[in-house]
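With PDB, C-alpha atoms, pLDDT in the B column inside, this is work02.pdb:
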ATOM      1  CA  MET C 451      36.769  28.951  23.269  1.00 51.00           C
ATOM      2  CA  LYS C 452      33.080  28.274  22.895  1.00 58.00           C
ATOM      3  CA  GLY C 453      33.324  28.555  19.109  1.00 56.00           C
ATOM      4  CA  LYS C 454      36.186  26.021  18.953  1.00 59.00           C
ATOM      5  CA  SER C 455      34.354  23.693  21.298  1.00 54.00           C
ATOM      6  CA  ARG C 456      31.251  23.766  19.116  1.00 48.00           C
ATOM      7  CA  LYS C 457      33.312  23.206  15.983  1.00 47.00           C
ATOM      8  CA  ARG C 458      35.092  20.264  17.616  1.00 52.00           C
ATOM      9  CA  PHE C 459      31.754  18.780  18.759  1.00 46.00           C
ATOM     10  CA  PHE C 460      30.290  19.246  15.278  1.00 45.00           C
ATOM     11  CA  ALA C 461      33.360  17.670  13.667  1.00 44.00           C
ATOM     12  CA  LEU C 462      33.165  14.680  16.037  1.00 42.00           C
ATOM     13  CA  PHE C 463      29.442  14.378  15.338  1.00 44.00           C
ATOM     14  CA  VAL C 464      30.037  14.352  11.576  1.00 41.00           C
ATOM     15  CA  VAL C 465      32.826  11.770  11.921  1.00 42.00           C
ATOM     16  CA  ALA C 466      30.611   9.557  14.071  1.00 42.00           C
ATOM     17  CA  LEU C 467      27.731   9.920  11.624  1.00 39.00           C
ATOM     18  CA  LEU C 468      29.978   8.994   8.706  1.00 39.00           C
ATOM     19  CA  ALA C 469      31.277   5.967  10.594  1.00 42.00           C
ATOM     20  CA  VAL C 470      27.747   4.782  11.260  1.00 41.00           C
ATOM     21  CA  CYS C 471      26.844   5.251   7.593  1.00 39.00           C
ATOM     22  CA  VAL C 472      29.945   3.389   6.431  1.00 40.00           C
ATOM     23  CA  LEU C 473      29.045   0.493   8.710  1.00 40.00           C
ATOM     24  CA  GLY C 474      25.721   0.236   6.943  1.00 42.00           C
ATOM     25  CA  ALA C 475      23.204   1.944   9.157  1.00 44.00           C
ATOM     26  CA  CYS C 476      22.531   4.811   6.743  1.00 47.00           C
ATOM     27  CA  GLY C 477      22.416   2.895   3.522  1.00 50.00           C
ATOM     28  CA  SER C 478      20.180  -0.077   3.253  1.00 62.00           C
ATOM     29  CA  LYS C 479      20.901  -3.025   1.071  1.00 88.00           C
ATOM     30  CA  ASN C 480      18.122  -4.587  -0.879  1.00 91.00           C
ATOM     31  CA  MET C 481      16.069  -7.277   0.775  1.00 93.00           C
ATOM     32  CA  SER C 482      16.585 -10.830  -0.322  1.00 94.00           C
ATOM     33  CA  LYS C 483      13.898 -12.375  -2.480  1.00 93.00           C
ATOM     34  CA  GLU C 484      12.847 -14.575   0.446  1.00 94.00           C
ATOM     35  CA  GLU C 485      12.626 -11.637   2.870  1.00 93.00           C
ATOM     36  CA  TYR C 486      10.584  -9.656   0.395  1.00 93.00           C
ATOM     37  CA  ILE C 487       8.124 -12.460  -0.291  1.00 92.00           C
ATOM     38  CA  GLU C 488       7.776 -13.009   3.455  1.00 93.00           C
ATOM     39  CA  GLU C 489       6.887  -9.327   3.910  1.00 92.00           C
ATOM     40  CA  VAL C 490       4.482  -9.352   0.977  1.00 93.00           C
ATOM     41  CA  ASN C 491       2.803 -12.455   2.375  1.00 92.00           C
ATOM     42  CA  LYS C 492       1.851 -10.386   5.429  1.00 93.00           C
ATOM     43  CA  LEU C 493      -0.834  -8.925   3.169  1.00 92.00           C
ATOM     44  CA  ASN C 494      -2.633 -12.251   3.590  1.00 92.00           C
ATOM     45  CA  THR C 495      -2.737 -11.786   7.356  1.00 94.00           C
ATOM     46  CA  VAL C 496      -4.047  -8.225   7.053  1.00 94.00           C
ATOM     47  CA  SER C 497      -6.668  -9.343   4.549  1.00 93.00           C
ATOM     48  CA  GLU C 498      -7.763 -12.223   6.770  1.00 95.00           C
ATOM     49  CA  GLU C 499      -8.040  -9.960   9.825  1.00 96.00           C
ATOM     50  CA  PHE C 500     -10.030  -7.453   7.797  1.00 94.00           C
ATOM     51  CA  PHE C 501     -12.329 -10.129   6.380  1.00 94.00           C
ATOM     52  CA  ASN C 502     -12.972 -11.530   9.873  1.00 94.00           C
ATOM     53  CA  ALA C 503     -13.664  -8.077  11.323  1.00 94.00           C
ATOM     54  CA  MET C 504     -15.956  -7.218   8.403  1.00 92.00           C
ATOM     55  CA  THR C 505     -17.839 -10.501   8.700  1.00 93.00           C
ATOM     56  CA  GLU C 506     -18.316  -9.992  12.425  1.00 91.00           C
ATOM     57  CA  TRP C 507     -19.365  -6.377  11.901  1.00 91.00           C
ATOM     58  CA  VAL C 508     -21.926  -7.272   9.235  1.00 90.00           C
ATOM     59  CA  GLY C 509     -23.267 -10.086  11.409  1.00 86.00           C
ATOM     60  CA  ASN C 510     -23.711  -7.787  14.372  1.00 84.00           C
ATOM     61  CA  ALA C 511     -24.561  -4.516  12.619  1.00 80.00           C
ATOM     62  CA  MET C 512     -28.303  -4.751  13.196  1.00 82.00           C
ATOM     63  CA  ALA C 513     -27.856  -5.496  16.895  1.00 86.00           C
ATOM     64  CA  MET C 514     -25.280  -2.736  17.482  1.00 84.00           C
ATOM     65  CA  ASP C 515     -26.073   0.776  18.445  1.00 88.00           C
ATOM     66  CA  THR C 516     -24.672   3.490  16.208  1.00 89.00           C
ATOM     67  CA  GLU C 517     -21.593   4.156  18.316  1.00 91.00           C
ATOM     68  CA  GLU C 518     -20.692   0.453  18.474  1.00 92.00           C
ATOM     69  CA  ALA C 519     -21.143   0.180  14.721  1.00 92.00           C
ATOM     70  CA  LYS C 520     -18.917   3.219  14.160  1.00 94.00           C
ATOM     71  CA  ALA C 521     -16.272   1.726  16.459  1.00 93.00           C
ATOM     72  CA  GLY C 522     -16.379  -1.447  14.370  1.00 94.00           C
ATOM     73  CA  VAL C 523     -15.829   0.550  11.196  1.00 95.00           C
ATOM     74  CA  GLU C 524     -12.866   2.320  12.779  1.00 96.00           C
ATOM     75  CA  GLU C 525     -11.467  -1.048  13.874  1.00 96.00           C
ATOM     76  CA  MET C 526     -11.618  -2.216  10.253  1.00 95.00           C
ATOM     77  CA  ARG C 527      -9.971   1.012   9.122  1.00 95.00           C
ATOM     78  CA  GLU C 528      -7.182   0.428  11.619  1.00 96.00           C
ATOM     79  CA  ILE C 529      -6.630  -3.146  10.419  1.00 96.00           C
ATOM     80  CA  THR C 530      -6.282  -2.042   6.801  1.00 94.00           C
ATOM     81  CA  LYS C 531      -3.429   0.274   7.748  1.00 93.00           C
ATOM     82  CA  GLY C 532      -1.396  -2.934   7.686  1.00 93.00           C
ATOM     83  CA  TYR C 533      -1.396  -2.675   3.898  1.00 93.00           C
ATOM     84  CA  GLY C 534       0.770   0.389   4.335  1.00 91.00           C
ATOM     85  CA  GLU C 535       3.533  -1.661   5.942  1.00 89.00           C
ATOM     86  CA  VAL C 536       4.183  -3.500   2.704  1.00 90.00           C
ATOM     87  CA  ALA C 537       3.803  -0.259   0.758  1.00 91.00           C
ATOM     88  CA  ALA C 538       6.496   1.237   3.011  1.00 93.00           C
ATOM     89  CA  ILE C 539       9.164  -1.247   1.901  1.00 93.00           C
ATOM     90  CA  GLU C 540      11.919   0.866   0.439  1.00 92.00           C
ATOM     91  CA  ASN C 541      14.462  -1.768  -0.502  1.00 94.00           C
ATOM     92  CA  PRO C 542      12.838  -4.595  -2.466  1.00 95.00           C
ATOM     93  CA  PRO C 543      15.079  -7.013  -4.344  1.00 94.00           C
ATOM     94  CA  LYS C 544      16.221  -5.560  -7.640  1.00 94.00           C
ATOM     95  CA  GLU C 545      14.253  -8.141  -9.611  1.00 94.00           C
ATOM     96  CA  TYR C 546      11.074  -6.901  -7.917  1.00 94.00           C
ATOM     97  CA  ALA C 547      11.781  -3.164  -8.035  1.00 94.00           C
ATOM     98  CA  GLU C 548       9.379  -2.360 -10.874  1.00 95.00           C
ATOM     99  CA  ILE C 549       6.555  -4.600  -9.703  1.00 94.00           C
ATOM    100  CA  HIS C 550       6.995  -3.260  -6.173  1.00 95.00           C
ATOM    101  CA  LYS C 551       6.385   0.280  -7.436  1.00 96.00           C
ATOM    102  CA  LYS C 552       3.131  -0.937  -8.982  1.00 95.00           C
ATOM    103  CA  LEU C 553       2.254  -2.820  -5.790  1.00 95.00           C
ATOM    104  CA  VAL C 554       2.836   0.316  -3.707  1.00 95.00           C
ATOM    105  CA  GLU C 555       0.554   2.295  -6.016  1.00 95.00           C
ATOM    106  CA  GLY C 556      -2.053  -0.463  -5.817  1.00 95.00           C
ATOM    107  CA  LEU C 557      -1.897  -0.724  -2.038  1.00 95.00           C
ATOM    108  CA  ASN C 558      -2.123   3.037  -1.635  1.00 95.00           C
ATOM    109  CA  GLY C 559      -5.097   3.027  -4.001  1.00 94.00           C
ATOM    110  CA  LEU C 560      -6.737   0.241  -2.012  1.00 95.00           C
ATOM    111  CA  VAL C 561      -6.255   2.071   1.274  1.00 95.00           C
ATOM    112  CA  ASP C 562      -7.762   5.217  -0.272  1.00 95.00           C
ATOM    113  CA  ALA C 563     -10.708   3.241  -1.685  1.00 96.00           C
ATOM    114  CA  LEU C 564     -11.273   1.512   1.655  1.00 96.00           C
ATOM    115  CA  ASP C 565     -11.157   4.852   3.459  1.00 96.00           C
ATOM    116  CA  LYS C 566     -13.918   6.088   1.155  1.00 96.00           C
ATOM    117  CA  TYR C 567     -15.828   2.892   1.843  1.00 96.00           C
ATOM    118  CA  PHE C 568     -15.449   3.309   5.600  1.00 96.00           C
ATOM    119  CA  ASP C 569     -16.450   6.959   5.321  1.00 97.00           C
ATOM    120  CA  SER C 570     -19.573   5.872   3.436  1.00 95.00           C
ATOM    121  CA  LEU C 571     -20.440   3.417   6.209  1.00 94.00           C
ATOM    122  CA  ILE C 572     -20.014   6.126   8.845  1.00 95.00           C
ATOM    123  CA  SER C 573     -22.093   8.506   6.741  1.00 95.00           C
ATOM    124  CA  GLY C 574     -24.858   5.916   6.512  1.00 93.00           C
ATOM    125  CA  LEU C 575     -24.726   5.350  10.269  1.00 92.00           C
ATOM    126  CA  ASP C 576     -25.060   9.089  10.729  1.00 93.00           C
ATOM    127  CA  GLY C 577     -28.243   9.019   8.658  1.00 93.00           C
ATOM    128  CA  ALA C 578     -26.753  10.391   5.449  1.00 95.00           C
ATOM    129  CA  PRO C 579     -26.210   7.349   3.234  1.00 93.00           C
ATOM    130  CA  LEU C 580     -24.648   7.690  -0.179  1.00 94.00           C
ATOM    131  CA  SER C 581     -26.845   7.428  -3.229  1.00 95.00           C
ATOM    132  CA  ASP C 582     -26.983   4.062  -4.957  1.00 95.00           C
ATOM    133  CA  GLU C 583     -24.680   5.386  -7.681  1.00 97.00           C
ATOM    134  CA  GLU C 584     -22.165   6.692  -5.145  1.00 96.00           C
ATOM    135  CA  GLN C 585     -22.232   3.413  -3.210  1.00 94.00           C
ATOM    136  CA  LEU C 586     -21.655   1.467  -6.408  1.00 96.00           C
ATOM    137  CA  ALA C 587     -18.719   3.717  -7.335  1.00 96.00           C
ATOM    138  CA  VAL C 588     -17.098   3.236  -3.928  1.00 95.00           C
ATOM    139  CA  GLN C 589     -17.603  -0.526  -4.020  1.00 94.00           C
ATOM    140  CA  THR C 590     -16.280  -0.697  -7.586  1.00 96.00           C
ATOM    141  CA  ASP C 591     -13.120   1.216  -6.589  1.00 95.00           C
ATOM    142  CA  VAL C 592     -12.485  -1.236  -3.759  1.00 94.00           C
ATOM    143  CA  MET C 593     -13.068  -4.295  -5.945  1.00 95.00           C
ATOM    144  CA  ASP C 594     -10.944  -2.917  -8.802  1.00 96.00           C
ATOM    145  CA  SER C 595      -8.091  -2.216  -6.377  1.00 94.00           C
ATOM    146  CA  ILE C 596      -8.294  -5.728  -4.960  1.00 93.00           C
ATOM    147  CA  THR C 597      -8.269  -7.218  -8.472  1.00 95.00           C
ATOM    148  CA  ASP C 598      -5.239  -5.142  -9.480  1.00 94.00           C
ATOM    149  CA  ILE C 599      -3.296  -6.126  -6.357  1.00 93.00           C
ATOM    150  CA  ALA C 600      -4.170  -9.804  -6.779  1.00 92.00           C
ATOM    151  CA  ALA C 601      -2.742  -9.725 -10.307  1.00 93.00           C
ATOM    152  CA  LEU C 602       0.460  -8.088  -9.070  1.00 92.00           C
ATOM    153  CA  LEU C 603       0.834 -10.651  -6.287  1.00 91.00           C
ATOM    154  CA  GLU C 604       0.585 -13.424  -8.853  1.00 91.00           C
ATOM    155  CA  GLU C 605       3.603 -11.930 -10.603  1.00 89.00           C
ATOM    156  CA  ILE C 606       5.572 -11.728  -7.348  1.00 86.00           C
ATOM    157  CA  GLN C 607       4.925 -15.291  -6.237  1.00 74.00           C
TER
END

Rewrite the structure of this file - the entire thing - as structure tokens.
Amino acid sequence: MKGKSRKRFFALFVVALLAVCVLGACGSKNMSKEEYIEEVNKLNTVSEEFFNAMTEWVGNAMAMDTEEAKAGVEEMREITKGYGEVAAIENPPKEYAEIHKKLVEGLNGLVDALDKYFDSLISGLDGAPLSDEEQLAVQTDVMDSITDIAALLEEIQ
């Protein structure tokens, strides 16, 4: 009896799962153009929050102790995770599918470049700053990523 009970439960589970999928919960339709642009525009908010946090951090860096400065860097790192929300969009409008793939690559590249930048700040706070060449390379990666994303956003708007 236990075997039949399990089979019946499994069959009911599968039927319920199929019903949910048929009603649209498993498949996702593509976002509308307006919804997509609204989501992409959230990058502006993330960038503004990051810029404000960075400006405040730079302004206070000399007055902060090392642990406060490190906390500020981690706060900036946390803010930039917001770029991942747009990169996580899985159902852009069909007309934006190709550019969205490029945007995802760009955003992931920016997050990676920023992580290296934040790591370099922490390293400097720990008394092991990067060489001038290494710092320039990290800064160049960040700026190149920002430039690439800005160009892609122009195409989306």

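The residues returned by the PyMOL selection byres ((chain C and resi 485-489) around 8) on the shown structure are Met481, Ser482, Lys483, Glu484, Val490, Asn491, Lys492, Leu493, Val536, Pro542, Pro543, Ile606 and Gln607 of chain C.
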
Which neighbours of region 575-582 of chain C fall inside 9 Å, counting all atoms listed in the file, when residues of the same chain fewer than 3 positions from it are skipped, and could you give them as a ChimeraX atom specification? /C:516-517,519-520,570-572,585-587

Residues from the last selection, C-alpha atoms, saved as a tab-separated table (two decimals), in the coordinates of the input:
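Output saved as selection.tsv:
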chain	number	residue	atom	x	y	z
C	516	THR	CA	-24.67	3.49	16.21
C	517	GLU	CA	-21.59	4.16	18.32
C	519	ALA	CA	-21.14	0.18	14.72
C	520	LYS	CA	-18.92	3.22	14.16
C	570	SER	CA	-19.57	5.87	3.44
C	571	LEU	CA	-20.44	3.42	6.21
C	572	ILE	CA	-20.01	6.13	8.85
C	585	GLN	CA	-22.23	3.41	-3.21
C	586	LEU	CA	-21.66	1.47	-6.41
C	587	ALA	CA	-18.72	3.72	-7.34

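The nearest approach to Glu605 (chain C) among the residues C:Glu518, C:Asp562, C:Glu583, C:Glu548, with all atoms listed in the file taken into account, belongs to C:Glu548.
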
Compare C:Ala503, C:Val592, C:Lys551, C:Ile539 by their minimum atom-to-atom distance to Val523 (chain C), counting all atoms listed in the file, and give me the closest one. C:Ala503

Once 8 Å is added on each side, what are the centre and the three edge lengths, in Å to one decimal, of the axis-aligned box enclosing the listed atoms of region 550-567 of chain C? Present them as lines of an AutoDock Vina configuration file.
center_x = -4.4
center_y = 1.4
center_z = -2.8
size_x = 38.8
size_y = 25.3
size_z = 28.4

Between CA of Thr597 (chain C) and CA of Gly556 (chain C), distance in Å (one decimal):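 Interatomic distance here is 9.6 Å.
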
Taken to one decimal, the CA of Thr495 (chain C)-CA of Val554 (chain C) distance is 17.3 Å

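Between Asn510 (chain C) and the residues C:Val496, C:Glu555, C:Gly522, C:His550, the shortest atom-to-atom distance, using all atoms listed in the file, involves C:Gly522.
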
Would you compute the distance between CA of Met593 (chain C) and CA of Ala563 (chain C)? Give it in Å to one decimal.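 If I compute the distance from CA of Met593 (chain C) to CA of Ala563 (chain C), I get 9.0 Å.
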
Between C:Asp569, C:Glu499, C:Glu506, C:Glu604, which has the minimum distance to Tyr533 (chain C) (counting only C-alpha atoms)?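 That would be C:Glu499, the residue with the smallest distance to Tyr533 (chain C).
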
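Candidate residues C:Ala547, C:Asp515, C:Ala600, C:Val561 were compared for distance to Gly534 (chain C), and the nearest is C:Val561, using all atoms listed in the file.
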
Show me that you can extract region 543-586 of chain C, keeping N, CA and C atoms, and write it as a PDB file, in the first residue's frame.
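Saved as out_18.pdb:
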ATOM      1  N   PRO C 543      12.830  41.905 -23.786  1.00  0.00           N
ATOM      2  CA  PRO C 543      12.041  41.898 -25.020  1.00  0.00           C
ATOM      3  C   PRO C 543      12.891  41.339 -26.160  1.00  0.00           C
ATOM      4  N   LYS C 544      12.239  40.700 -27.092  1.00  0.00           N
ATOM      5  CA  LYS C 544      12.976  40.068 -28.192  1.00  0.00           C
ATOM      6  C   LYS C 544      13.850  41.058 -28.938  1.00  0.00           C
ATOM      7  N   GLU C 545      13.375  42.296 -29.096  1.00  0.00           N
ATOM      8  CA  GLU C 545      14.171  43.272 -29.844  1.00  0.00           C
ATOM      9  C   GLU C 545      15.436  43.686 -29.097  1.00  0.00           C
ATOM     10  N   TYR C 546      15.508  43.370 -27.793  1.00  0.00           N
ATOM     11  CA  TYR C 546      16.686  43.703 -27.014  1.00  0.00           C
ATOM     12  C   TYR C 546      17.509  42.477 -26.612  1.00  0.00           C
ATOM     13  N   ALA C 547      17.146  41.324 -27.116  1.00  0.00           N
ATOM     14  CA  ALA C 547      17.806  40.082 -26.685  1.00  0.00           C
ATOM     15  C   ALA C 547      19.317  40.112 -26.916  1.00  0.00           C
ATOM     16  N   GLU C 548      19.739  40.511 -28.091  1.00  0.00           N
ATOM     17  CA  GLU C 548      21.177  40.516 -28.395  1.00  0.00           C
ATOM     18  C   GLU C 548      21.928  41.573 -27.592  1.00  0.00           C
ATOM     19  N   ILE C 549      21.376  42.767 -27.534  1.00  0.00           N
ATOM     20  CA  ILE C 549      22.056  43.835 -26.790  1.00  0.00           C
ATOM     21  C   ILE C 549      22.065  43.508 -25.298  1.00  0.00           C
ATOM     22  N   HIS C 550      21.020  42.820 -24.835  1.00  0.00           N
ATOM     23  CA  HIS C 550      20.979  42.455 -23.416  1.00  0.00           C
ATOM     24  C   HIS C 550      22.111  41.488 -23.080  1.00  0.00           C
ATOM     25  N   LYS C 551      22.389  40.553 -23.986  1.00  0.00           N
ATOM     26  CA  LYS C 551      23.513  39.633 -23.756  1.00  0.00           C
ATOM     27  C   LYS C 551      24.811  40.422 -23.591  1.00  0.00           C
ATOM     28  N   LYS C 552      25.008  41.414 -24.442  1.00  0.00           N
ATOM     29  CA  LYS C 552      26.204  42.253 -24.351  1.00  0.00           C
ATOM     30  C   LYS C 552      26.203  43.064 -23.058  1.00  0.00           C
ATOM     31  N   LEU C 553      25.012  43.558 -22.675  1.00  0.00           N
ATOM     32  CA  LEU C 553      24.901  44.333 -21.438  1.00  0.00           C
ATOM     33  C   LEU C 553      25.233  43.461 -20.231  1.00  0.00           C
ATOM     34  N   VAL C 554      24.749  42.231 -20.231  1.00  0.00           N
ATOM     35  CA  VAL C 554      25.040  41.304 -19.132  1.00  0.00           C
ATOM     36  C   VAL C 554      26.548  41.077 -19.037  1.00  0.00           C
ATOM     37  N   GLU C 555      27.186  40.837 -20.177  1.00  0.00           N
ATOM     38  CA  GLU C 555      28.636  40.649 -20.180  1.00  0.00           C
ATOM     39  C   GLU C 555      29.341  41.899 -19.646  1.00  0.00           C
ATOM     40  N   GLY C 556      28.872  43.068 -20.098  1.00  0.00           N
ATOM     41  CA  GLY C 556      29.470  44.318 -19.640  1.00  0.00           C
ATOM     42  C   GLY C 556      29.289  44.550 -18.154  1.00  0.00           C
ATOM     43  N   LEU C 557      28.083  44.289 -17.663  1.00  0.00           N
ATOM     44  CA  LEU C 557      27.824  44.481 -16.229  1.00  0.00           C
ATOM     45  C   LEU C 557      28.630  43.504 -15.391  1.00  0.00           C
ATOM     46  N   ASN C 558      28.710  42.267 -15.840  1.00  0.00           N
ATOM     47  CA  ASN C 558      29.523  41.285 -15.107  1.00  0.00           C
ATOM     48  C   ASN C 558      30.989  41.692 -15.117  1.00  0.00           C
ATOM     49  N   GLY C 559      31.446  42.222 -16.255  1.00  0.00           N
ATOM     50  CA  GLY C 559      32.824  42.709 -16.339  1.00  0.00           C
ATOM     51  C   GLY C 559      33.060  43.894 -15.422  1.00  0.00           C
ATOM     52  N   LEU C 560      32.070  44.786 -15.345  1.00  0.00           N
ATOM     53  CA  LEU C 560      32.191  45.944 -14.457  1.00  0.00           C
ATOM     54  C   LEU C 560      32.249  45.504 -13.001  1.00  0.00           C
ATOM     55  N   VAL C 561      31.385  44.596 -12.624  1.00  0.00           N
ATOM     56  CA  VAL C 561      31.387  44.114 -11.235  1.00  0.00           C
ATOM     57  C   VAL C 561      32.730  43.468 -10.912  1.00  0.00           C
ATOM     58  N   ASP C 562      33.265  42.681 -11.838  1.00  0.00           N
ATOM     59  CA  ASP C 562      34.583  42.065 -11.618  1.00  0.00           C
ATOM     60  C   ASP C 562      35.668  43.131 -11.487  1.00  0.00           C
ATOM     61  N   ALA C 563      35.637  44.131 -12.378  1.00  0.00           N
ATOM     62  CA  ALA C 563      36.638  45.205 -12.325  1.00  0.00           C
ATOM     63  C   ALA C 563      36.518  46.000 -11.028  1.00  0.00           C
ATOM     64  N   LEU C 564      35.286  46.270 -10.607  1.00  0.00           N
ATOM     65  CA  LEU C 564      35.094  47.001  -9.349  1.00  0.00           C
ATOM     66  C   LEU C 564      35.565  46.176  -8.156  1.00  0.00           C
ATOM     67  N   ASP C 565      35.320  44.874  -8.204  1.00  0.00           N
ATOM     68  CA  ASP C 565      35.807  44.015  -7.114  1.00  0.00           C
ATOM     69  C   ASP C 565      37.326  44.100  -7.006  1.00  0.00           C
ATOM     70  N   LYS C 566      38.006  44.095  -8.147  1.00  0.00           N
ATOM     71  CA  LYS C 566      39.464  44.242  -8.133  1.00  0.00           C
ATOM     72  C   LYS C 566      39.859  45.608  -7.574  1.00  0.00           C
ATOM     73  N   TYR C 567      39.088  46.616  -7.947  1.00  0.00           N
ATOM     74  CA  TYR C 567      39.353  47.963  -7.445  1.00  0.00           C
ATOM     75  C   TYR C 567      39.169  48.005  -5.926  1.00  0.00           C
ATOM     76  N   PHE C 568      38.069  47.441  -5.447  1.00  0.00           N
ATOM     77  CA  PHE C 568      37.833  47.424  -4.006  1.00  0.00           C
ATOM     78  C   PHE C 568      38.901  46.613  -3.282  1.00  0.00           C
ATOM     79  N   ASP C 569      39.292  45.495  -3.880  1.00  0.00           N
ATOM     80  CA  ASP C 569      40.368  44.695  -3.286  1.00  0.00           C
ATOM     81  C   ASP C 569      41.657  45.506  -3.194  1.00  0.00           C
ATOM     82  N   SER C 570      41.916  46.321  -4.234  1.00  0.00           N
ATOM     83  CA  SER C 570      43.137  47.137  -4.214  1.00  0.00           C
ATOM     84  C   SER C 570      43.065  48.196  -3.118  1.00  0.00           C
ATOM     85  N   LEU C 571      41.877  48.741  -2.888  1.00  0.00           N
ATOM     86  CA  LEU C 571      41.728  49.713  -1.797  1.00  0.00           C
ATOM     87  C   LEU C 571      41.983  49.051  -0.441  1.00  0.00           C
ATOM     88  N   ILE C 572      41.397  47.871  -0.260  1.00  0.00           N
ATOM     89  CA  ILE C 572      41.600  47.135   0.997  1.00  0.00           C
ATOM     90  C   ILE C 572      43.078  46.796   1.170  1.00  0.00           C
ATOM     91  N   SER C 573      43.705  46.364   0.104  1.00  0.00           N
ATOM     92  CA  SER C 573      45.132  46.032   0.146  1.00  0.00           C
ATOM     93  C   SER C 573      45.951  47.251   0.561  1.00  0.00           C
ATOM     94  N   GLY C 574      45.629  48.393  -0.002  1.00  0.00           N
ATOM     95  CA  GLY C 574      46.327  49.627   0.369  1.00  0.00           C
ATOM     96  C   GLY C 574      46.102  49.983   1.825  1.00  0.00           C
ATOM     97  N   LEU C 575      44.871  49.789   2.310  1.00  0.00           N
ATOM     98  CA  LEU C 575      44.574  50.070   3.714  1.00  0.00           C
ATOM     99  C   LEU C 575      45.313  49.115   4.643  1.00  0.00           C
ATOM    100  N   ASP C 576      45.586  47.931   4.132  1.00  0.00           N
ATOM    101  CA  ASP C 576      46.331  46.945   4.919  1.00  0.00           C
ATOM    102  C   ASP C 576      47.842  47.159   4.823  1.00  0.00           C
ATOM    103  N   GLY C 577      48.245  48.205   4.115  1.00  0.00           N
ATOM    104  CA  GLY C 577      49.666  48.522   4.019  1.00  0.00           C
ATOM    105  C   GLY C 577      50.389  47.853   2.872  1.00  0.00           C
ATOM    106  N   ALA C 578      49.631  47.267   1.949  1.00  0.00           N
ATOM    107  CA  ALA C 578      50.249  46.598   0.800  1.00  0.00           C
ATOM    108  C   ALA C 578      49.631  47.149  -0.491  1.00  0.00           C
ATOM    109  N   PRO C 579      49.889  48.417  -0.776  1.00  0.00           N
ATOM    110  CA  PRO C 579      49.282  49.007  -1.977  1.00  0.00           C
ATOM    111  C   PRO C 579      49.823  48.366  -3.254  1.00  0.00           C
ATOM    112  N   LEU C 580      48.999  48.447  -4.286  1.00  0.00           N
ATOM    113  CA  LEU C 580      49.426  47.954  -5.593  1.00  0.00           C
ATOM    114  C   LEU C 580      50.499  48.891  -6.145  1.00  0.00           C
ATOM    115  N   SER C 581      51.269  48.370  -7.072  1.00  0.00           N
ATOM    116  CA  SER C 581      52.236  49.227  -7.757  1.00  0.00           C
ATOM    117  C   SER C 581      51.468  50.222  -8.621  1.00  0.00           C
ATOM    118  N   ASP C 582      52.145  51.253  -9.062  1.00  0.00           N
ATOM    119  CA  ASP C 582      51.500  52.246  -9.920  1.00  0.00           C
ATOM    120  C   ASP C 582      50.937  51.598 -11.177  1.00  0.00           C
ATOM    121  N   GLU C 583      51.671  50.669 -11.757  1.00  0.00           N
ATOM    122  CA  GLU C 583      51.218  49.978 -12.962  1.00  0.00           C
ATOM    123  C   GLU C 583      49.962  49.161 -12.677  1.00  0.00           C
ATOM    124  N   GLU C 584      49.966  48.449 -11.555  1.00  0.00           N
ATOM    125  CA  GLU C 584      48.802  47.635 -11.191  1.00  0.00           C
ATOM    126  C   GLU C 584      47.588  48.515 -10.929  1.00  0.00           C
ATOM    127  N   GLN C 585      47.791  49.633 -10.222  1.00  0.00           N
ATOM    128  CA  GLN C 585      46.687  50.552  -9.960  1.00  0.00           C
ATOM    129  C   GLN C 585      46.115  51.092 -11.258  1.00  0.00           C
ATOM    130  N   LEU C 586      46.985  51.463 -12.176  1.00  0.00           N
ATOM    131  CA  LEU C 586      46.542  51.980 -13.465  1.00  0.00           C
ATOM    132  C   LEU C 586      45.745  50.930 -14.223  1.00  0.00           C
TER     133      LEU C 586
END
